[in-house]
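Student: My questions will all concern the structure given below.
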Amino acid sequence: MADLINSTKKFFRKIGTVIKTFFWNIRRVLNNIKKRIGKFLDKHNLNFASKFPGWAKALLYLSPALIVLAIFTFWPIINAFALVVYENYNMTTDTITGYTVFGNFITVLTDESFIVPASHTGSSAVINTLIIVFISVPVSVLLALFISAALNSIKPLKGFFQTIYFLPYVTNTIAIGLVFAYMFKADGGLVNEFLSFFGVQSDGLSWVESGAVYWRSMFVLIFYSIWSTLAFKIMVFLTSIQGIDKQYYQAAAIDATPRSKIFSRITVPLISPMIFYILVTSVIGAFKIYNSIVALFGTSGAPAGVDYNLQSIVMYIYQFIDGSNAGNLSVAAAGSLILFAIILVLTLVQMQVSKKRVHY
Amino acid sequence: MNKQLFDKSNKIEKWALFVDFLFIVLYITLFFALFKILQLPIDEETGEVALGLLQYINPEYTILGNQLYLTLGAEADTFITVNLLISMLVLYALVAVPMFFINLKKVRTRTIYEVDSYAAGSKFFQGMINLLSFNPISFVLRVWNMFILVKFVKGYNVKEFFKSIGPAIKAFFKKLFTKKEKEKFGDADEYSVSIKKSIRRQNAAQVLRLTFTYVFLIIMALIIVIPFYWMIVTSLKDFSGANSSNPEFFISISRMNWINYKVVLTELNFGLYIRNTVIVALFSTAGTVLTTILAAYAFARIEFKGRELLFSILIMTMMIPGELYIITNFITVSKNGFGWIGTDNNNYFLAMILPFITSISYIFFLRQAFKQVPDSLYKAARVDGCSDFKFLMRVMVPIASPTIFTITILNVFGSWNAYIWPRIITGIGGEEGQQFWLISNALRDTGFALDTGEVMYNLQIAASTIVTVPLLIVFFMFRKYIMNGIGRSGTKG
């Protein structure tokens, strides 16, 4: 038996060596050819590869990215400015009726569902977006700060909690949005059950369905956007809190500094650059809110059968591509340029503030 | 230290792991076999699948000669149903797979110095779990292993071990008791008493603070977890259970309707949509990684005129909102541009993948990682005749591999989440475009409503679960890398 095993082992080893030598031989031959070609090129002064200037080599490395970026990033920017000056651009026939400088911008700005709400809509895209931004961003940043400070102060179960708080980051926005809409169902939704458990009269209280009041459906939207963006903020804050030098805390402990003061005088100032960064990115992110609205209320952006609308600026823009007003892309381009201007101004303002307020 | 005993214990553990692996394969094959024989409800008049009938039928299956019903109902006289069998298999797999991987890691990294009496205890605990999941072979192996570990740590034989249990418990209680006594009758020095009192006060404050912290964290964790729990529970309910006005918070495992998933995957075409999404995610991620590595290398290492200028132009375009691109890219890929969509020969995949095979923010992110590689490495490699490309592949990529991994994961998550661009692309194609829906579009736009107008929430939420669970599995597999990478990066994909 042992002989048999040994001989089979030997056999396979032999086959292995044969295969290995075969490949080594191929490699040797290829290397030989390479060497000969190199020698030949050197002899006739043809070896361009070694004389490649820096920019040519860089171009070689950059070209895949740059070609894609040129087609799908730089050209669209130019194209957007071209689109804005078209009057009545028709996508299917690729024709225009004339040129206009501010016409499309005026169309957007005077639209009764963009800035100033009309009497029959009761809400506008800009007002909705501003409400979302000014409630969800401060609440979520503060909550994330408290949670990450709390996480940093405990030892057992820290990894467990960290993993749980991270879960919303790795989900599909639409999928969990549908679950939220189901949880806020009027009849037999989890939230209404929970409220009636505490004695609140909530039978058939409508949150996201027909008959929902503006503030109630807005609450669900803000709650969901906070829920889904919290994970990332907690992660970033926790990483930067863990990076703080322990000496500060030791010094504070010797002076018997109260916890609240340690938080407000050491932790927050030392991670203020990160807080500021998160503030900027989350304001921009909140301005571009779209998927959550679609997940909760569908592409119409409002609960069925209500007279208001919950659409954001981005949703307003997209309705010109595939919504109720599909086709007029010039207006959409004008809207997106206005959004760009808002974001640019906000970023500049925050940069100015950060110069004065942010430590370091 | 008895090396022989340690080696023997490791050997037994390896065999137990092998048996575990066989059982995991068994659970999964049985699960798929049972899942396959589940029948979709068929309307007898038209001969087509009718989802409205889903909750009214309770077909009978013959499994290994036994007549079993699908779920508990008026006809069923035993507790055992097909749904119960499937639930048990899923439960076993959920317990066995993480245990297998944790043990595998332990066996490979454990050294002789780490073995203590807790290791023996945990072996026994794992054996009990094995027994509960109908795996007697691993149970026997693990208990045997426990005795060997006991001998290794304490030097007890099997007999001695059982004899030593009683005195050990007695000693434990005695220790607890004496400790309390000591605290009561400390030394009566007045000064030390006052110090002790203040320490006790501080300890009480700390306990209060910790309790408060934990309560806060647990409440927040519940808010995070409950949607996931509710999603999974609802996806396993039947139609009337999901639409009732008094929903049950728990669901018994013999009532779990696994057929919901089968309906969603086959009848509602989510299998196809998941395949589409995987194709888009794979190709766009492969493209992104390739182009960003090359571009980041050029920006980090190669000296050329106008490098900083080009890079700052790229950074500036990051501020422009993506909505602007989407409008004009739509024109680019449609009839008046490349003609990938809206023409006679459509190519939806090309239109969905190509715009996303590079990303400026990832180039920026990876360039930071490449910049941290010291210059001396590059110079040394050049002296040894290493070409730029070889240096990139052999040195830079391995060093920056955590960053590259983060980019990959973020990009996959991004593709899994993509909604608006695929919606616009496939929306123009009508019926044909529907074959190219990605999961997000399918979730939003599939009609889950019955003819009566009622929405089948159990199927809708089951679809959400099918979309969410693969992401969660990937997350739990690479938890550490993902969390560290995202914490460090400070960028969102």
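Order determines the names: the first chain of the structure tokens is A, the second B, and so forth; residues in each chain are numbered 1 upward, and ligands are numbered 1 upward as they are shown.
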Using only C-alpha atoms, I'd like every residue of chain B that has an atom within 6 Å of chain A; please write them out as a PyMOL selection string.

Tutor: chain B and resi 245-246+291+294-295+298+303-304+324-325+328+355+358+417+464+468+487

Student: For B:Asp43, work out the shell of residues within 12 Å, counting only C-alpha atoms and skipping chain neighbours fewer than 4 positions away, then give it as a PDB file with C-alpha atoms, in the first residue's frame.

Tutor:
ATOM      1  CA  GLY B  47     -53.170  27.195 -16.459  1.00  0.00           C
ATOM      2  CA  GLU B  48     -51.002  30.201 -15.629  1.00  0.00           C
ATOM      3  CA  VAL B  49     -49.318  31.239 -12.433  1.00  0.00           C
ATOM      4  CA  ALA B  50     -51.704  33.353 -10.369  1.00  0.00           C
ATOM      5  CA  LEU B  51     -50.099  35.177  -7.475  1.00  0.00           C
ATOM      6  CA  GLY B  52     -53.455  36.013  -5.946  1.00  0.00           C
ATOM      7  CA  LEU B  53     -53.885  32.357  -5.081  1.00  0.00           C
ATOM      8  CA  LEU B  54     -50.619  32.242  -3.167  1.00  0.00           C
ATOM      9  CA  TYR B  56     -55.067  29.995  -0.395  1.00  0.00           C
ATOM     10  CA  ILE B  57     -53.252  26.915  -1.580  1.00  0.00           C
TER      11      ILE B  57
END

Student: What parts of stretch 34-233 of chain A does DSSP call helix (DSSP H, G or I)? I'd like the answer as a ChimeraX atom specification.

Tutor: /A:34-43,49-51,54-84,103-109,125-153,158-170,173-183,190-197,214-233

Student: Could you tell me how far atom CA of A:Ile289 lies from atom CA of A:Leu221, in Å and to one decimal?

Tutor: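 Result for atom CA of A:Ile289 versus atom CA of A:Leu221: 10.1 Å, one decimal.
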
Student: Got a sec: who's within 12 Å of B:Asp238, counting only C-alpha atoms, leaving out chain neighbours fewer than 5 positions off, as a PyMOL selection string?

Tutor: chain B and resi 51-58+71-72+233+243-244+247-248+251+255-261+456-462

Student: So which residues touch B:Met352 within 12 Å, counting only C-alpha atoms, skipping near sequence neighbours fewer than 2 positions away, as JSON, numbers by chain?

Tutor: {"A": [72], "B": [276, 277, 279, 280, 281, 282, 283, 284, 326, 329, 330, 333, 334, 340, 341, 346, 347, 348, 349, 350, 354, 355, 356, 357, 415, 418, 419, 420, 421, 422, 423, 424, 425, 426, 433, 436, 437, 438]}

Student: If you keep C-alpha atoms, can you produce a file of those selected residues as a compact mmCIF listing (two decimals), in the first residue's frame?

Tutor:
# COMPACT_ATOMS: atom_id res chain seq x y z
CA PHE A 72 -18.68 61.78 -20.16
CA ASN B 276 -28.06 42.58 -14.92
CA THR B 277 -26.87 44.43 -11.83
CA ILE B 279 -22.87 42.42 -14.90
CA VAL B 280 -22.95 46.21 -14.65
CA ALA B 281 -21.24 46.20 -11.24
CA LEU B 282 -18.48 43.81 -12.37
CA PHE B 283 -17.57 45.60 -15.58
CA SER B 284 -17.81 49.13 -14.23
CA ILE B 326 -26.88 63.00 -16.56
CA ASN B 329 -24.92 62.28 -21.17
CA PHE B 330 -28.44 61.17 -21.95
CA VAL B 333 -25.77 58.04 -25.59
CA SER B 334 -29.13 58.43 -27.29
CA TRP B 340 -26.75 53.16 -27.86
CA ILE B 341 -30.37 53.63 -26.82
CA ASN B 346 -29.89 49.12 -28.61
CA ASN B 347 -27.00 48.43 -26.31
CA TYR B 348 -28.23 49.17 -22.83
CA PHE B 349 -25.28 47.61 -21.02
CA LEU B 350 -22.79 49.80 -22.88
CA LEU B 354 -19.19 53.12 -19.98
CA PRO B 355 -19.95 56.48 -18.32
CA PHE B 356 -18.98 55.00 -14.97
CA ILE B 357 -15.69 53.27 -15.71
CA SER B 415 -23.56 50.18 -8.81
CA ALA B 418 -27.68 53.14 -8.98
CA TYR B 419 -31.18 54.31 -9.71
CA ILE B 420 -31.63 57.36 -11.87
CA TRP B 421 -29.24 56.67 -14.76
CA PRO B 422 -30.46 53.08 -15.37
CA ARG B 423 -34.02 54.33 -15.04
CA ILE B 424 -33.55 56.95 -17.73
CA ILE B 425 -31.67 54.53 -19.98
CA THR B 426 -34.13 51.66 -19.72
CA GLY B 433 -35.86 48.15 -21.77
CA PHE B 436 -32.36 45.51 -18.68
CA TRP B 437 -33.71 46.94 -15.45
CA LEU B 438 -31.32 47.02 -12.55

Student: Have a look at B:Ala369, B:Val19, B:Val95, B:Leu64 and name the one nearest to B:Ser138; count only C-alpha atoms.

Tutor: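 Smallest separation from B:Ser138 among the options: B:Val19.
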
Student: Using only C-alpha atoms, which protein or nucleic acid residues come within 10 Å of A:Phe276? Drop anything in the same chain fewer than 3 positions from it, and give the result as a PDB file with N, CA and C atoms, in the first residue's frame.

Tutor:
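Output saved as out15.pdb:
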ATOM      1  N   ILE A 271     -11.529  67.652  16.614  1.00  0.00           N
ATOM      2  CA  ILE A 271     -11.961  67.046  15.356  1.00  0.00           C
ATOM      3  C   ILE A 271     -12.751  68.042  14.506  1.00  0.00           C
ATOM      4  N   SER A 272     -12.625  69.350  14.834  1.00  0.00           N
ATOM      5  CA  SER A 272     -13.420  70.335  14.093  1.00  0.00           C
ATOM      6  C   SER A 272     -13.152  70.325  12.584  1.00  0.00           C
ATOM      7  N   PRO A 273     -11.923  70.052  12.112  1.00  0.00           N
ATOM      8  CA  PRO A 273     -11.758  69.978  10.653  1.00  0.00           C
ATOM      9  C   PRO A 273     -12.644  68.901  10.032  1.00  0.00           C
ATOM     10  N   LEU A 279     -19.842  68.479   7.443  1.00  0.00           N
ATOM     11  CA  LEU A 279     -20.914  69.466   7.280  1.00  0.00           C
ATOM     12  C   LEU A 279     -21.048  69.863   5.808  1.00  0.00           C
ATOM     13  N   VAL A 280     -19.898  70.160   5.187  1.00  0.00           N
ATOM     14  CA  VAL A 280     -19.939  70.573   3.779  1.00  0.00           C
ATOM     15  C   VAL A 280     -20.524  69.458   2.922  1.00  0.00           C
ATOM     16  N   THR A 281     -19.950  68.254   3.079  1.00  0.00           N
ATOM     17  CA  THR A 281     -20.390  67.170   2.194  1.00  0.00           C
ATOM     18  C   THR A 281     -21.850  66.805   2.448  1.00  0.00           C
ATOM     19  N   SER A 282     -22.285  66.870   3.722  1.00  0.00           N
ATOM     20  CA  SER A 282     -23.663  66.442   3.944  1.00  0.00           C
ATOM     21  C   SER A 282     -24.661  67.515   3.522  1.00  0.00           C
ATOM     22  N   GLN A 350     -19.000  78.393   3.317  1.00  0.00           N
ATOM     23  CA  GLN A 350     -18.505  77.532   4.386  1.00  0.00           C
ATOM     24  C   GLN A 350     -16.988  77.576   4.483  1.00  0.00           C
ATOM     25  N   MET A 351     -16.332  77.739   3.333  1.00  0.00           N
ATOM     26  CA  MET A 351     -14.877  77.851   3.358  1.00  0.00           C
ATOM     27  C   MET A 351     -14.459  79.102   4.120  1.00  0.00           C
ATOM     28  N   VAL A 353     -16.189  80.648   6.435  1.00  0.00           N
ATOM     29  CA  VAL A 353     -16.471  80.431   7.849  1.00  0.00           C
ATOM     30  C   VAL A 353     -15.388  79.568   8.478  1.00  0.00           C
ATOM     31  N   SER A 354     -14.987  78.551   7.743  1.00  0.00           N
ATOM     32  CA  SER A 354     -14.026  77.606   8.315  1.00  0.00           C
ATOM     33  C   SER A 354     -12.709  78.277   8.621  1.00  0.00           C
ATOM     34  N   ARG A 357     -13.463  79.889  12.047  1.00  0.00           N
ATOM     35  CA  ARG A 357     -13.988  79.120  13.166  1.00  0.00           C
ATOM     36  C   ARG A 357     -13.223  77.829  13.450  1.00  0.00           C
ATOM     37  N   VAL A 358     -12.769  77.166  12.384  1.00  0.00           N
ATOM     38  CA  VAL A 358     -12.188  75.844  12.596  1.00  0.00           C
ATOM     39  C   VAL A 358     -10.789  75.971  13.182  1.00  0.00           C
TER      40      VAL A 358
END

Student: Using only C-alpha atoms, which residue out of A:Tyr89, A:Pro156, A:Thr229, A:Asn128 lies closest to A:Val116?

Tutor: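 Using only C-alpha atoms, A:Val116 sits closest to A:Asn128.
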
Student: Rank B:Leu94, B:Leu17, B:Ile404, B:Met146 by their smallest atom-to-atom distance to B:Asp116, using only C-alpha atoms, and report the top residue only.

Tutor: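 Selected residue with least distance to B:Asp116: B:Met146.
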
Student: At what distance in Å, to one decimal, does atom CA of B:Arg209 lie from atom CA of A:Tyr248?

Tutor: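 Computing the Euclidean distance for atom CA of A:Tyr248 and atom CA of B:Arg209 yields 20.6 Å.
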
Student: Give me the residues within 9 Å of A:Gly103 as a ChimeraX atom specification, counting only C-alpha atoms and dropping any in the same chain fewer than 4 places off.

Tutor: /A:84-87,99,107-108,331

Student: Mind dumping the selected residues with C-alpha atoms as a short mmCIF file (atom, residue, chain, number, x, y, z; two decimals), in the first residue's frame?

Tutor:
data_model
loop_
_atom_site.label_atom_id
_atom_site.label_comp_id
_atom_site.auth_asym_id
_atom_site.auth_seq_id
_atom_site.Cartn_x
_atom_site.Cartn_y
_atom_site.Cartn_z
CA VAL A 84 -29.15 76.32 -21.89
CA VAL A 85 -29.19 78.85 -24.72
CA TYR A 86 -31.45 76.73 -26.95
CA GLU A 87 -35.06 77.67 -27.18
CA TYR A 99 -31.60 81.02 -29.15
CA THR A 107 -38.68 79.57 -17.08
CA VAL A 108 -37.23 77.67 -14.14
CA VAL A 331 -34.95 73.77 -18.87
#

Student: What's the 12 Å shell around A:Ala253, counting only C-alpha atoms, without same-chain residues fewer than 6 positions away, as a list in words?

Tutor: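 The filter keeps Lys246, Gln247, Arg259, Lys261, Ile262 and Ile266 of chain A.
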
Student: Selection from above, N, CA and C atoms, as a CSV table (one decimal), in the first residue's frame, can you write it?

Tutor:
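What follows is the written file selection_5.csv:
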chain,number,residue,atom,x,y,z
A,246,LYS,N,-4.0,60.8,23.4
A,246,LYS,CA,-4.5,60.5,24.7
A,246,LYS,C,-4.1,61.5,25.8
A,247,GLN,N,-3.0,62.2,25.5
A,247,GLN,CA,-2.5,63.1,26.6
A,247,GLN,C,-3.5,64.1,27.0
A,259,ARG,N,-17.3,65.6,32.3
A,259,ARG,CA,-17.4,65.0,31.0
A,259,ARG,C,-17.8,65.9,29.9
A,261,LYS,N,-17.5,69.0,29.7
A,261,LYS,CA,-16.5,70.0,29.3
A,261,LYS,C,-15.4,69.3,28.4
A,262,ILE,N,-15.1,68.1,28.8
A,262,ILE,CA,-14.1,67.3,28.0
A,262,ILE,C,-14.6,67.2,26.5
A,266,ILE,N,-12.4,69.6,24.4
A,266,ILE,CA,-11.3,68.8,23.8
A,266,ILE,C,-11.7,68.1,22.5
